[in-house]
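*Asks:* Once you've had a glance at the structure underneath, I'll fire off some questions.
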Amino acid sequence: MPSVLATGYLVGIVEWTCMRALDGHLEDGEQTLGVHVDLSHEAPTPPGSTLTVHAELSAVDGRQLTFTVHAHDDATTVCRGTHRRAVIDTERFHARLRAR
């Protein structure tokens, strides 16, 4: 697997962690969309290592949720930063997509 894709995978893992942190906290018919990512990618994680991602909801501004994130493996910090997600009405979002 080319190493050029590694940061993209890391962003996806961070997003997934933040989404999972919201399980059970959204109203029926709501979901979140990632709207901003600001992460450092400080170290590689060797194949076979376990990556642990911590996500803390650090700010709520209306329907904007900001998470402070930190990921590490057994040896060092792999990334840190923030990720922002917007709470949306799922049906209204899909209606807008259909209207495009």
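So you can find residues: chains in the structure tokens are A, B, ... in the order shown, residues in each start at 1, and ligands are numbered from 1 in order.
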From a DSSP pass on the backbone, collect the residues of chain A flagged as strand (DSSP E or B) and hand them back as an MDAnalysis selection string.
*Replies:* chainID A and resid 30:41 52:61 64:72 77:89
*Asks:* How about saving the chosen residues, C-alpha atoms kept, as a PDB file, in the first residue's frame?
*Replies:*
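To be explicit, this is the file written out as result_20.pdb:
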```pdb
ATOM      1  CA  GLU A  30     -30.230  13.727  12.813  1.00  0.00           C
ATOM      2  CA  GLN A  31     -26.717  12.869  11.723  1.00  0.00           C
ATOM      3  CA  THR A  32     -23.430  14.724  11.466  1.00  0.00           C
ATOM      4  CA  LEU A  33     -21.237  15.735   8.574  1.00  0.00           C
ATOM      5  CA  GLY A  34     -17.547  16.480   8.827  1.00  0.00           C
ATOM      6  CA  VAL A  35     -16.926  20.121   7.909  1.00  0.00           C
ATOM      7  CA  HIS A  36     -13.350  20.812   9.008  1.00  0.00           C
ATOM      8  CA  VAL A  37     -10.195  18.868   9.879  1.00  0.00           C
ATOM      9  CA  ASP A  38      -7.051  20.384  11.386  1.00  0.00           C
ATOM     10  CA  LEU A  39      -4.645  17.560  12.235  1.00  0.00           C
ATOM     11  CA  SER A  40      -0.913  17.181  12.523  1.00  0.00           C
ATOM     12  CA  HIS A  41       0.499  13.882  11.293  1.00  0.00           C
ATOM     13  CA  THR A  52      -5.619   4.466  19.715  1.00  0.00           C
ATOM     14  CA  VAL A  53      -7.679   7.595  19.015  1.00  0.00           C
ATOM     15  CA  HIS A  54      -9.128   9.791  21.757  1.00  0.00           C
ATOM     16  CA  ALA A  55     -11.836  12.300  20.831  1.00  0.00           C
ATOM     17  CA  GLU A  56     -13.278  14.812  23.287  1.00  0.00           C
ATOM     18  CA  LEU A  57     -16.188  17.104  22.480  1.00  0.00           C
ATOM     19  CA  SER A  58     -14.530  20.404  23.369  1.00  0.00           C
ATOM     20  CA  ALA A  59     -16.974  22.995  21.998  1.00  0.00           C
ATOM     21  CA  VAL A  60     -20.586  23.284  20.903  1.00  0.00           C
ATOM     22  CA  ASP A  61     -21.632  26.325  18.890  1.00  0.00           C
ATOM     23  CA  GLN A  64     -21.362  22.888  15.157  1.00  0.00           C
ATOM     24  CA  LEU A  65     -19.481  20.341  17.283  1.00  0.00           C
ATOM     25  CA  THR A  66     -15.718  20.623  17.743  1.00  0.00           C
ATOM     26  CA  PHE A  67     -13.676  17.659  18.896  1.00  0.00           C
ATOM     27  CA  THR A  68     -10.148  17.768  20.247  1.00  0.00           C
ATOM     28  CA  VAL A  69      -8.396  14.617  19.043  1.00  0.00           C
ATOM     29  CA  HIS A  70      -5.202  12.764  19.859  1.00  0.00           C
ATOM     30  CA  ALA A  71      -4.003   9.499  18.335  1.00  0.00           C
ATOM     31  CA  HIS A  72      -1.076   7.393  19.477  1.00  0.00           C
ATOM     32  CA  THR A  77       1.857  10.472  19.359  1.00  0.00           C
ATOM     33  CA  VAL A  78       0.770   9.914  15.770  1.00  0.00           C
ATOM     34  CA  CYS A  79      -1.555  12.896  15.365  1.00  0.00           C
ATOM     35  CA  ARG A  80      -3.342  15.629  17.260  1.00  0.00           C
ATOM     36  CA  GLY A  81      -5.656  18.480  16.405  1.00  0.00           C
ATOM     37  CA  THR A  82      -9.331  19.282  15.984  1.00  0.00           C
ATOM     38  CA  HIS A  83     -12.230  18.013  13.928  1.00  0.00           C
ATOM     39  CA  ARG A  84     -15.522  19.874  13.465  1.00  0.00           C
ATOM     40  CA  ARG A  85     -18.839  18.254  12.589  1.00  0.00           C
ATOM     41  CA  ALA A  86     -22.233  19.830  11.820  1.00  0.00           C
ATOM     42  CA  VAL A  87     -25.475  18.318  13.094  1.00  0.00           C
ATOM     43  CA  ILE A  88     -27.965  18.099  10.240  1.00  0.00           C
ATOM     44  CA  ASP A  89     -31.534  16.966   9.621  1.00  0.00           C
TER      45      ASP A  89
END
```
*Asks:* Can you tell me, as a PDB file with C-alpha atoms, in the first residue's frame, what residues are no more than 12 Å from Asp74 (chain A) when counting only C-alpha atoms, ignoring any on the same chain fewer than 5 positions away?
*Replies:*
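Result written to part-v4.pdb:
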```pdb
ATOM      1  CA  ALA A  43       4.732  10.001  13.170  1.00  0.00           C
ATOM      2  CA  PRO A  44       4.125   6.848  11.156  1.00  0.00           C
ATOM      3  CA  THR A  45       2.531   3.807  12.729  1.00  0.00           C
ATOM      4  CA  PRO A  46       4.322   0.581  11.808  1.00  0.00           C
ATOM      5  CA  GLY A  48       0.640  -4.364  12.836  1.00  0.00           C
ATOM      6  CA  SER A  49       0.679  -1.671  15.535  1.00  0.00           C
ATOM      7  CA  THR A  50      -2.464  -0.607  17.343  1.00  0.00           C
ATOM      8  CA  LEU A  51      -3.576   2.983  16.869  1.00  0.00           C
ATOM      9  CA  THR A  52      -5.619   4.466  19.715  1.00  0.00           C
ATOM     10  CA  VAL A  53      -7.679   7.595  19.015  1.00  0.00           C
TER      11      VAL A  53
END
```
*Asks:* May I ask which of the residues A:Gly62, A:Glu42, A:Glu91, A:Leu26 is the closest one to Thr76 (chain A), counting only C-alpha atoms?
*Replies:*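 Using only C-alpha atoms, Thr76 (chain A) sits closest to A:Glu42.
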*Asks:* Just list the residues in chain A DSSP gives alpha helix (DSSP H) on the backbone, as a PyMOL selection string.
*Replies:* chain A and resi 6-21+90-99
*Asks:* Between CA of Glu27 (chain A) and CA of Arg63 (chain A), what is the spacing in Å?
*Replies:*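 We find that CA of Arg63 (chain A) and CA of Glu27 (chain A) lie 12.2 Å from each other.
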